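Chemist: Got run.txt for you, compact mmCIF, C-alpha atoms:
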# COMPACT_ATOMS: atom_id res chain seq x y z
CA MET U 1 0.00 0.00 0.00
CA LEU U 2 2.92 2.36 0.63
CA ARG U 3 3.69 2.20 -3.09
CA ASP U 4 0.33 3.83 -3.75
CA ARG U 5 1.28 7.51 -4.12
CA ARG U 6 -2.02 8.90 -2.86
CA PHE U 7 -2.16 6.70 0.21
CA ALA U 8 1.50 7.45 0.99
CA LEU U 9 0.76 11.19 0.80
CA LEU U 10 -2.27 10.82 3.08
CA LEU U 11 -0.28 8.72 5.55
CA ALA U 12 2.59 11.24 5.63
CA ALA U 13 0.20 14.17 6.02
CA ARG U 14 -1.72 12.57 8.89
CA THR U 15 1.44 11.42 10.68
CA ILE U 16 2.93 14.93 10.55
CA SER U 17 -0.37 16.58 11.51
CA VAL U 18 -0.81 14.33 14.56
CA LEU U 19 2.77 15.07 15.61
CA GLY U 20 1.81 18.74 15.52
CA THR U 21 -1.30 17.94 17.53
CA ALA U 22 0.82 16.07 20.10
CA PHE U 23 3.12 19.09 20.39
CA ALA U 24 0.27 21.57 20.67
CA PRO U 25 -1.19 20.90 24.17
CA VAL U 26 2.16 21.07 25.97
CA ALA U 27 3.33 24.06 23.94
CA LEU U 28 0.05 25.91 24.46
CA ALA U 29 -0.28 25.07 28.16
CA PHE U 30 3.23 26.11 29.14
CA GLY U 31 3.23 29.03 26.73
CA VAL U 32 0.08 30.43 28.34
CA LEU U 33 1.17 29.67 31.92
CA GLY U 34 4.50 31.37 31.22
CA LEU U 35 2.80 34.69 30.46
CA PRO U 36 2.96 37.48 33.07
CA GLY U 37 0.02 37.20 35.44
CA ALA U 38 -1.35 34.04 33.86
CA ASP U 39 -2.84 31.31 36.03
CA GLY U 40 -5.07 28.28 35.75
CA ARG U 41 -8.08 30.41 34.89
CA THR U 42 -6.22 31.92 31.93
CA LEU U 43 -5.33 28.48 30.60
CA SER U 44 -8.89 27.25 31.20
CA ALA U 45 -10.29 30.14 29.16
CA VAL U 46 -7.93 29.47 26.24
CA LEU U 47 -8.55 25.71 26.21
CA THR U 48 -12.33 26.13 26.51
CA ALA U 49 -12.22 28.59 23.61
CA GLU U 50 -10.64 25.85 21.50
CA ALA U 51 -12.86 22.96 22.65
CA LEU U 52 -16.27 24.63 22.44
CA PRO U 53 -16.17 25.69 18.75
CA MET U 54 -14.83 22.25 17.86
CA VAL U 55 -18.02 20.68 19.23
CA LEU U 56 -20.38 23.38 17.93
CA PHE U 57 -19.04 23.33 14.35
CA MET U 58 -18.58 19.55 14.00
CA LEU U 59 -21.92 19.04 12.23
CA VAL U 60 -21.23 21.93 9.87
CA GLY U 61 -17.85 20.35 9.12
CA GLY U 62 -19.64 17.14 8.16
CA VAL U 63 -21.90 18.97 5.70
CA ILE U 64 -18.95 20.80 4.14
CA ALA U 65 -16.97 17.57 3.72
CA ASP U 66 -19.90 15.86 1.98
CA ARG U 67 -20.47 18.83 -0.34
CA LEU U 68 -16.90 19.65 -1.41
CA PRO U 69 -13.84 17.62 -2.46
CA ARG U 70 -12.60 16.21 0.82
CA HIS U 71 -8.90 16.68 0.14
CA ARG U 72 -9.53 20.40 -0.34
CA VAL U 73 -11.55 20.55 2.89
CA MET U 74 -8.69 18.82 4.73
CA THR U 75 -6.18 21.24 3.20
CA ALA U 76 -8.31 24.15 4.40
CA GLY U 77 -8.57 22.68 7.92
CA GLU U 78 -4.82 22.09 8.21
CA SER U 79 -4.04 25.55 6.81
CA ILE U 80 -6.44 27.33 9.18
CA ASN U 81 -4.97 25.39 12.11
CA ALA U 82 -1.47 26.42 11.00
CA LEU U 83 -2.55 30.06 10.81
CA ALA U 84 -4.07 29.91 14.29
CA TYR U 85 -0.90 28.44 15.80
CA PHE U 86 1.37 30.86 13.97
CA CYS U 87 -0.74 33.69 15.44
CA LEU U 88 -0.46 32.19 18.94
CA ALA U 89 3.29 31.77 18.48
CA GLY U 90 3.65 35.36 17.24
CA MET U 91 1.79 36.69 20.26
CA MET U 92 3.96 34.67 22.65
CA LEU U 93 7.21 35.72 20.97
CA THR U 94 6.36 39.41 20.73
CA GLY U 95 4.88 39.66 24.22
CA TRP U 96 1.56 41.03 22.91
CA THR U 97 -0.79 38.56 24.57
CA PRO U 98 -4.21 40.06 25.40
CA LEU U 99 -6.55 37.31 26.55
CA PRO U 100 -9.26 38.09 23.94
CA ALA U 101 -6.70 37.64 21.13
CA LEU U 102 -5.51 34.32 22.59
CA VAL U 103 -9.12 33.17 22.90
CA ILE U 104 -9.91 34.11 19.28
CA ALA U 105 -6.85 32.29 17.92
CA SER U 106 -7.72 29.21 19.97
CA ALA U 107 -11.32 29.32 18.75
CA VAL U 108 -10.10 29.43 15.15
CA SER U 109 -8.04 26.29 15.86
CA GLY U 110 -11.14 24.55 17.25
CA ILE U 111 -13.13 25.44 14.12
CA ALA U 112 -10.30 24.10 11.95
CA THR U 113 -10.44 20.76 13.77
CA ALA U 114 -14.21 20.61 13.29
CA ILE U 115 -13.72 21.12 9.55
CA LEU U 116 -10.90 18.60 9.31
CA PHE U 117 -12.17 15.60 11.28
CA PRO U 118 -15.31 14.61 9.28
CA ALA U 119 -13.39 14.99 6.02
CA LEU U 120 -10.69 12.63 7.26
CA THR U 121 -13.14 9.77 7.85
CA GLY U 122 -14.72 10.32 4.45
CA ILE U 123 -11.56 10.67 2.38
CA ILE U 124 -10.13 7.22 3.14
CA PRO U 125 -12.63 5.34 0.89
CA ASP U 126 -11.90 7.98 -1.80
CA VAL U 127 -8.21 7.04 -1.72
CA VAL U 128 -8.17 3.32 -0.82
CA PRO U 129 -9.85 0.32 -2.54
CA ALA U 130 -12.73 -1.18 -0.55
CA ASP U 131 -10.86 -4.44 0.09
CA ARG U 132 -8.03 -2.60 1.84
CA LEU U 133 -9.94 -0.23 4.11
CA GLN U 134 -9.03 -1.96 7.38
CA THR U 135 -5.36 -2.20 6.44
CA ALA U 136 -5.38 1.49 5.49
CA ASN U 137 -7.02 2.49 8.78
CA ALA U 138 -4.50 0.37 10.69
CA LEU U 139 -1.51 1.91 8.90
CA LEU U 140 -2.88 5.42 9.43
CA GLY U 141 -3.43 4.59 13.10
CA LEU U 142 0.11 3.23 13.40
CA GLY U 143 1.63 6.41 12.00
CA GLN U 144 -0.58 8.58 14.22
CA ASN U 145 0.23 6.60 17.38
CA ILE U 146 3.96 6.72 16.70
CA SER U 147 3.54 10.49 16.36
CA ARG U 148 1.70 10.64 19.68
CA VAL U 149 4.50 8.76 21.44
CA ALA U 150 7.10 10.98 19.80
CA GLY U 151 5.07 14.02 20.79
CA LEU U 152 5.08 12.92 24.45
CA VAL U 153 8.87 12.74 24.32
CA LEU U 154 9.67 15.77 22.16
CA SER U 155 7.08 18.37 23.16
CA GLY U 156 8.40 18.86 26.69
CA ALA U 157 11.96 19.10 25.41
CA ALA U 158 10.91 21.62 22.76
CA VAL U 159 9.26 23.85 25.37
CA VAL U 160 12.33 23.68 27.61
CA LEU U 161 14.86 24.27 24.82
CA LEU U 162 12.93 26.66 22.58
CA GLY U 163 10.25 28.14 24.81
CA GLY U 164 6.48 27.98 24.45
CA GLY U 165 6.29 30.48 21.58
CA TRP U 166 8.75 28.66 19.32
CA ALA U 167 7.20 25.31 20.22
CA LEU U 168 3.82 26.67 19.06
CA ALA U 169 5.49 27.79 15.83
CA VAL U 170 6.79 24.23 15.34
CA SER U 171 3.22 22.93 15.70
CA GLY U 172 2.02 25.47 13.15
CA ALA U 173 4.75 24.43 10.70
CA MET U 174 3.70 20.79 11.02
CA PHE U 175 0.07 21.65 10.25
CA ALA U 176 1.18 23.72 7.25
CA THR U 177 3.34 20.84 5.97
CA ALA U 178 0.43 18.41 6.33
CA GLY U 179 -1.81 20.77 4.38
CA ALA U 180 0.77 21.09 1.61
CA LEU U 181 1.04 17.30 1.29
CA ILE U 182 -2.73 16.89 1.05
CA THR U 183 -2.85 19.40 -1.82
CA LEU U 184 -0.78 16.90 -3.80
CA LEU U 185 -3.59 14.32 -3.72
CA ARG U 186 -5.14 14.02 -7.14
CA LEU U 187 -8.69 12.79 -6.65
CA THR U 188 -10.77 12.52 -9.81
CA PRO U 189 -14.28 14.03 -9.83
CA ALA U 190 -15.82 10.53 -9.73
CA GLU U 191 -14.12 9.86 -6.40
CA ARG U 192 -15.45 12.99 -4.76
CA SER U 193 -18.67 13.19 -2.82
CA SER U 194 -21.23 15.94 -2.97
CA ALA U 195 -24.44 16.49 -1.07
CA GLY U 196 -25.16 19.50 -3.32
CA GLY U 197 -28.48 21.11 -4.12
CA HIS U 198 -29.86 21.21 -0.57
CA SER U 199 -29.77 23.55 2.37
CA VAL U 200 -27.45 22.88 5.28
CA LEU U 201 -30.43 21.91 7.46
CA ALA U 202 -31.68 19.48 4.81
CA ASP U 203 -28.24 17.92 4.62
CA LEU U 204 -28.12 17.61 8.40
CA ARG U 205 -31.54 15.94 8.46
CA SER U 206 -30.44 13.52 5.75
CA GLY U 207 -27.28 12.69 7.70
CA TRP U 208 -29.33 12.20 10.87
CA ARG U 209 -31.62 9.72 9.09
CA GLU U 210 -28.58 7.73 7.99
CA PHE U 211 -27.26 7.85 11.56
CA VAL U 212 -30.40 6.71 13.40
CA SER U 213 -31.31 4.05 10.82
CA ARG U 214 -28.41 1.85 12.00
CA GLN U 215 -28.88 0.51 15.52
CA TRP U 216 -25.24 -0.56 15.90
CA LEU U 217 -24.15 2.98 15.11
CA TRP U 218 -26.30 5.01 17.46
CA VAL U 219 -26.07 2.49 20.31
CA VAL U 220 -22.25 2.53 20.32
CA VAL U 221 -22.20 6.33 20.05
CA ALA U 222 -24.58 6.48 23.03
CA GLN U 223 -22.26 4.07 24.88
CA PHE U 224 -19.27 6.28 24.15
CA SER U 225 -21.04 9.45 25.23
CA ILE U 226 -21.13 8.01 28.78
CA LEU U 227 -17.81 6.15 28.48
CA VAL U 228 -15.97 9.32 27.40
CA MET U 229 -17.54 11.26 30.26
CA ALA U 230 -16.13 8.72 32.75
CA LEU U 231 -12.85 8.58 30.85
CA GLN U 232 -12.37 12.34 30.92
CA ALA U 233 -13.04 12.48 34.64
CA ALA U 234 -10.63 9.61 35.38
CA HIS U 235 -7.91 10.46 32.88
CA GLY U 236 -8.04 14.23 33.09
CA VAL U 237 -8.52 14.86 36.82
CA LEU U 238 -8.79 11.84 39.14
CA GLY U 239 -5.79 9.87 37.87
CA PRO U 240 -3.37 12.81 38.11
CA LEU U 241 -4.75 13.59 41.60
CA VAL U 242 -3.98 10.08 42.88
CA ALA U 243 -0.58 10.15 41.18
CA LYS U 244 0.25 13.44 42.90
CA GLU U 245 -1.00 12.33 46.33
CA SER U 246 0.27 8.74 46.46
CA LEU U 247 2.56 7.78 43.57
CA GLY U 248 5.19 10.48 43.40
CA GLY U 249 3.57 12.92 41.02
CA ALA U 250 4.18 13.58 37.33
CA PRO U 251 6.76 10.81 36.69
CA ALA U 252 4.28 8.13 37.76
CA TRP U 253 1.46 9.54 35.67
CA SER U 254 3.81 9.94 32.68
CA ALA U 255 4.66 6.24 33.02
CA VAL U 256 0.94 5.40 32.91
CA LEU U 257 0.48 7.53 29.78
CA ALA U 258 3.53 5.94 28.19
CA GLY U 259 2.08 2.47 28.86
CA GLU U 260 -1.13 3.52 27.15
CA ALA U 261 0.76 4.98 24.17
CA VAL U 262 2.78 1.80 23.62
CA GLY U 263 -0.43 -0.22 23.88
CA MET U 264 -2.00 1.92 21.15
CA ILE U 265 0.85 1.03 18.78
CA VAL U 266 0.48 -2.67 19.56
CA GLY U 267 -3.30 -2.46 19.08
CA VAL U 268 -2.88 -1.08 15.58
CA VAL U 269 -0.42 -3.85 14.69
CA VAL U 270 -2.97 -6.42 15.91
CA THR U 271 -5.62 -5.01 13.57
CA LEU U 272 -3.36 -5.53 10.55
CA ARG U 273 -4.22 -9.24 10.85
CA LEU U 274 -7.48 -9.23 12.81
CA ARG U 275 -10.49 -9.77 10.51
CA PRO U 276 -13.54 -10.48 12.71
CA ARG U 277 -16.78 -11.45 11.04
CA ARG U 278 -18.67 -9.36 13.62
CA PRO U 279 -16.50 -6.24 13.94
CA ILE U 280 -18.87 -4.15 16.08
CA LEU U 281 -19.41 -7.00 18.54
CA ILE U 282 -15.65 -7.52 18.90
CA GLY U 283 -15.01 -3.77 18.99
CA THR U 284 -17.55 -3.28 21.77
CA LEU U 285 -16.24 -6.25 23.77
CA VAL U 286 -12.70 -4.89 23.74
CA THR U 287 -13.88 -1.66 25.36
CA LEU U 288 -14.59 -3.61 28.57
CA PRO U 289 -10.89 -3.83 29.62
CA THR U 290 -10.47 -0.07 29.17
CA ALA U 291 -11.80 0.27 32.72
CA LEU U 292 -8.83 -1.71 34.04
CA PRO U 293 -6.31 1.07 34.88
CA TYR U 294 -8.93 3.13 36.70
CA LEU U 295 -10.16 0.18 38.76
CA LEU U 296 -6.56 -0.77 39.65
CA LEU U 297 -5.64 2.80 40.55
CA GLY U 298 -8.81 3.20 42.59
CA MET U 299 -8.09 -0.02 44.52
CA SER U 300 -4.52 1.06 45.42
CA ALA U 301 -2.85 -1.56 43.20
CA PRO U 302 0.92 -1.26 42.62
CA LEU U 303 2.00 1.25 39.98
CA TRP U 304 3.37 -1.41 37.63
CA THR U 305 -0.08 -3.05 37.44
CA VAL U 306 -1.68 0.30 36.62
CA ILE U 307 0.87 0.79 33.83
CA GLY U 308 0.00 -2.69 32.57
CA GLY U 309 -3.69 -1.83 32.70
CA ALA U 310 -3.01 1.35 30.72
CA PHE U 311 -1.14 -0.74 28.13
CA VAL U 312 -4.18 -3.03 27.80
CA MET U 313 -6.44 0.01 27.50
CA GLY U 314 -4.29 1.39 24.67
CA VAL U 315 -4.39 -1.93 22.80
CA CYS U 316 -8.16 -2.19 23.18
CA PHE U 317 -8.99 1.37 22.21
CA ASP U 318 -7.01 1.14 19.01
CA ILE U 319 -8.52 -2.20 18.04
CA PHE U 320 -11.92 -0.62 18.55
CA GLY U 321 -10.94 2.50 16.60
CA VAL U 322 -9.76 0.66 13.50
CA LEU U 323 -12.75 -1.73 13.47
CA TRP U 324 -15.14 1.18 14.01
CA GLN U 325 -13.73 3.39 11.26
CA THR U 326 -13.58 0.50 8.79
CA THR U 327 -17.17 -0.56 9.50
CA MET U 328 -18.46 2.98 9.07
CA GLN U 329 -16.63 3.29 5.75
CA ARG U 330 -18.07 -0.03 4.55
CA GLU U 331 -21.65 0.38 5.73
CA ILE U 332 -22.43 4.07 5.21
CA PRO U 333 -22.90 5.56 1.71
CA ALA U 334 -19.93 7.67 0.63
CA GLU U 335 -22.09 10.74 0.01
CA SER U 336 -23.23 10.77 3.68
CA LEU U 337 -20.12 9.46 5.40
CA SER U 338 -18.69 12.76 6.63
CA ARG U 339 -22.02 13.93 8.04
CA VAL U 340 -22.56 10.63 9.85
CA SER U 341 -18.98 10.85 11.15
CA SER U 342 -19.72 14.31 12.52
CA TYR U 343 -22.78 12.97 14.40
CA ASP U 344 -20.54 10.18 15.72
CA ALA U 345 -17.94 12.66 16.98
CA LEU U 346 -20.51 15.04 18.45
CA GLY U 347 -22.41 12.29 20.26
CA SER U 348 -19.28 10.59 21.57
CA LEU U 349 -17.67 13.78 22.90
CA MET U 350 -20.61 15.86 24.09
CA PHE U 351 -20.55 14.76 27.76
CA GLY U 352 -16.75 14.83 28.06
CA PRO U 353 -16.68 18.37 29.51
CA LEU U 354 -19.31 17.28 32.06
CA GLY U 355 -16.98 14.54 33.27
CA LEU U 356 -14.22 17.10 33.78
CA LEU U 357 -16.65 19.39 35.59
CA LEU U 358 -17.91 16.67 37.96
CA ALA U 359 -14.54 15.06 38.70
CA GLY U 360 -13.32 17.75 41.09
CA PRO U 361 -16.43 17.81 43.30
CA ALA U 362 -16.52 13.98 43.27
CA ALA U 363 -12.89 13.82 44.44
CA ILE U 364 -13.73 16.16 47.31
CA ALA U 365 -16.98 14.40 48.23
CA VAL U 366 -15.85 10.75 48.21
CA GLY U 367 -12.12 10.86 47.50
CA PRO U 368 -10.31 10.35 44.18
CA ARG U 369 -9.82 6.58 44.57
CA PRO U 370 -13.52 5.72 45.12
CA ALA U 371 -14.37 8.12 42.28
CA LEU U 372 -11.95 6.22 40.01
CA VAL U 373 -13.62 2.92 40.92
CA ALA U 374 -16.98 4.53 40.07
CA CYS U 375 -15.62 5.64 36.67
CA GLY U 376 -14.36 2.13 35.91
CA THR U 377 -17.68 0.65 36.95
CA ILE U 378 -19.58 3.06 34.70
CA ILE U 379 -17.40 2.03 31.73
CA VAL U 380 -18.14 -1.66 32.36
CA LEU U 381 -21.89 -1.18 32.87
CA VAL U 382 -22.45 1.04 29.84
CA THR U 383 -20.48 -1.40 27.66
CA LEU U 384 -22.57 -4.35 28.88
CA ALA U 385 -25.69 -2.33 28.13
CA ALA U 386 -24.51 -1.71 24.55
CA LEU U 387 -23.95 -5.43 24.07
CA LEU U 388 -27.68 -6.04 24.68
CA ALA U 389 -28.52 -4.40 21.34
CA PRO U 390 -29.12 -6.96 18.54
CA GLY U 391 -27.59 -4.60 15.98
CA VAL U 392 -24.31 -4.49 17.90
CA ARG U 393 -24.13 -8.28 18.21
CA GLY U 394 -25.46 -9.15 14.78
CA LEU U 395 -23.72 -6.91 12.23
CA ARG U 396 -21.58 -9.12 9.98
CA VAL U 397 -18.94 -8.33 7.39
CA ALA U 398 -20.19 -9.40 3.97
CA ASP U 399 -16.77 -9.97 2.46
CA GLU U 400 -13.30 -10.39 3.91
CA GLU U 401 -10.35 -8.33 2.65
CA PRO U 402 -8.39 -11.03 0.86
CA ALA U 403 -5.99 -8.66 -0.87
CA ALA U 404 -5.23 -6.88 2.38
CA VAL U 405 -4.75 -10.16 4.26
CA ALA U 406 -2.34 -11.34 1.58
CA ALA U 407 -0.47 -8.04 1.71
CA VAL U 408 0.33 -8.39 5.41
CA SER U 409 0.83 -12.18 5.45
If you convert what's in this file into structure tokens, what do you get?
Modeler:
Amino acid sequence: MLRDRRFALLLAARTISVLGTAFAPVALAFGVLGLPGADGRTLSAVLTAEALPMVLFMLVGGVIADRLPRHRVMTAGESINALAYFCLAGMMLTGWTPLPALVIASAVSGIATAILFPALTGIIPDVVPADRLQTANALLGLGQNISRVAGLVLSGAAVVLLGGGWALAVSGAMFATAGALITLLRLTPAERSSAGGHSVLADLRSGWREFVSRQWLWVVVAQFSILVMALQAAHGVLGPLVAKESLGGAPAWSAVLAGEAVGMIVGVVVTLRLRPRRPILIGTLVTLPTALPYLLLGMSAPLWTVIGGAFVMGVCFDIFGVLWQTTMQREIPAESLSRVSSYDALGSLMFGPLGLLLAGPAAIAVGPRPALVACGTIIVLVTLAALLAPGVRGLRVADEEPAAVAAVS
């Protein structure tokens, strides 16, 4: 597949873009906190300004990606993200950092992500033959996960050596490079999708009908809306609290994150050979062990077992991710795929901020360890509930991917 010029370009673009994304949180957080008079509230305002537009514009991004050539939509998203980060870097480096300007630049970055994400899901069937979709998703996931691991290692060093402003400029350059690579894709008109001729609201209604007509799709999205809420609370607040109080602080939590990152790479490698006949059933089942690190941490297990649990979680989440993306690309018509993907993203992520909001009061009310056990229990229960749906258990793959299996054998 790497000899296919278009897929190689897409793989390179996504790998570089995700490396920029891995750089961005550390560069932005320490860049903002390094400003005169900045504190946690300043950082919260900037991060919220990025997250909120991403959620609000996700459905619009799906409509755009189904109406226009997806490689051009992706180029626009990467370019806008680059512009936003170059503006943030310029403000940091010049010392002109009014909070409203930082908020606006962060909001532009959030809108860029909302434009980019639905187009990414939809463009893969435009580039890759149907019998190689799972292999393509696995290879894209492998490149992205290697970038995430590299970002964990390099972003902190870049902030220390270059400073937050220059590190933000590096992120912007990576987004710009990814956008330039995507412009080199040469998709013929027949490979492009268009919803054209309808209003945005009509397109959204059409995408919603496609979404709700598939029980496996909306049930798993509903599962993930609760799962992500528990995950955000545990991963974003409760886990770091326990690490700080009982495990020695940042080094222990970094080890847990590293275990997860390595597991994500292994999970993608597994999916290069895994060809289940019931991909949604298997994908849903493997989300059960994702509760493991939170249950172990909540029950005061040794750190090495928590790291092992995080490794298992990484493996499972990436197996799910590849099977999920591939099934969507197989089962959903190409002309609606980006809109359905935007409903998927919106539904899965919409309660995440609520988890972050509730985690602090829960830690105070019952303690962080019992709250972690509660989060793990919620993940298990909501996954078992999803498995009750006949559509989740019964969806079968019509045809295997013989060419892809041969390619990796």
Chemist: Which residues come within 9 Å of Arg369 (chain U), counting only C-alpha atoms, excluding same-chain residues fewer than 4 positions away, as number ranges by chain?
Modeler: U: 238-239, 242, 294-295, 297-300, 363, 373-374
Chemist: Please list as a VMD selection string every residue within 12 Å of His235 (chain U), counting only C-alpha atoms and excluding residues in the same chain fewer than 2 positions away.
Modeler: chain U and resid 227 to 233 237 to 243 253 to 254 256 to 257 260 290 to 291 293 to 294 297 310 313 352 355 to 356 359 368 371 to 372 375 to 376
Chemist: For Ala45 (chain U), which of U:Ser106, U:Ala398, U:Ile378, U:Gly151 is the closest residue, counting only C-alpha atoms?
Modeler: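 Using only C-alpha atoms, Ala45 (chain U) sits closest to U:Ser106.
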Chemist: Which one is closest to Thr183 (chain U): U:Ser155, U:Thr75, U:Thr48, U:Ser246? Count only C-alpha atoms.
Modeler: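 Among the listed residues, the smallest separation from Thr183 (chain U) belongs to U:Thr75.
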Chemist: So how many Å separate CA of Glu78 (chain U) and CA of Thr177 (chain U), to one decimal?
Modeler: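 About the pair CA of Glu78 (chain U) and CA of Thr177 (chain U): they are 8.6 Å apart.
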Chemist: Given the choices U:Gly314, U:Pro361, U:Pro333, U:Pro25, which gets closest to Val46 (chain U) if the distance is worked out from all atoms listed in the file?
Modeler: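 Comparing U:Gly314, U:Pro361, U:Pro333, U:Pro25 against Val46 (chain U), the winner is U:Pro25.
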Chemist: Write out as number ranges by chain the residues lying within 9 Å of Glu50 (chain U), counting only C-alpha atoms and excluding same-chain residues fewer than 4 positions away.
Modeler: U: 45-46, 54, 103-111
Chemist: Using only C-alpha atoms, can you tell me which of U:Cys316, U:Val159, U:Ala362, U:Leu133 comes closest to Ala234 (chain U)?
Modeler: U:Ala362
Chemist: Can you list, as a PyMOL selection string, every protein, DNA or RNA residue that comes within 10 Å of Asn137 (chain U) when you count all atoms listed in the file, leaving out same-chain residues fewer than 6 positions away?
Modeler: chain U and resi 11+121+124+128+268+271-272+321-326
Chemist: Point out the residue among U:Val306, U:Ala119, U:Leu217, U:Met174 with the least atom-to-atom distance to Ser338 (chain U), counting only C-alpha atoms.
Modeler: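 Of U:Val306, U:Ala119, U:Leu217, U:Met174, the one nearest Ser338 (chain U), counting only C-alpha atoms, is U:Ala119.
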Chemist: Write out as a list in words the residues lying within 12 Å of Leu395 (chain U), counting only C-alpha atoms and excluding same-chain residues fewer than 4 positions away.
Modeler: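 So, after excluding close chain neighbours, the residues are Arg214, Gln215, Trp216, Leu217, Pro276, Arg277, Arg278, Pro279, Ile280, Leu281, Ile282, Gly283, Thr284, Trp324, Thr327, Met328, Arg330, Glu331, Leu387, Ala389, Pro390 and Gly391 of chain U.
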Chemist: Between U:Gly263, U:Gly31, U:Gly308, U:Pro69, which has the minimum distance to Arg148 (chain U) (counting all atoms listed in the file)?
Modeler: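 Of the candidates, the smallest distance to Arg148 (chain U) is held by U:Gly263.
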Chemist: Quick one: distance from CA of Arg205 (chain U) to CA of Val219 (chain U) in Å, one decimal?
Modeler: 18.7 Å
Chemist: Could you please determine the separation between CA of Ala130 (chain U) and CA of Ala261 (chain U) in Å, to one decimal place?
Modeler: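 Computed distance, CA of Ala130 (chain U) to CA of Ala261 (chain U), equals 28.8 Å.
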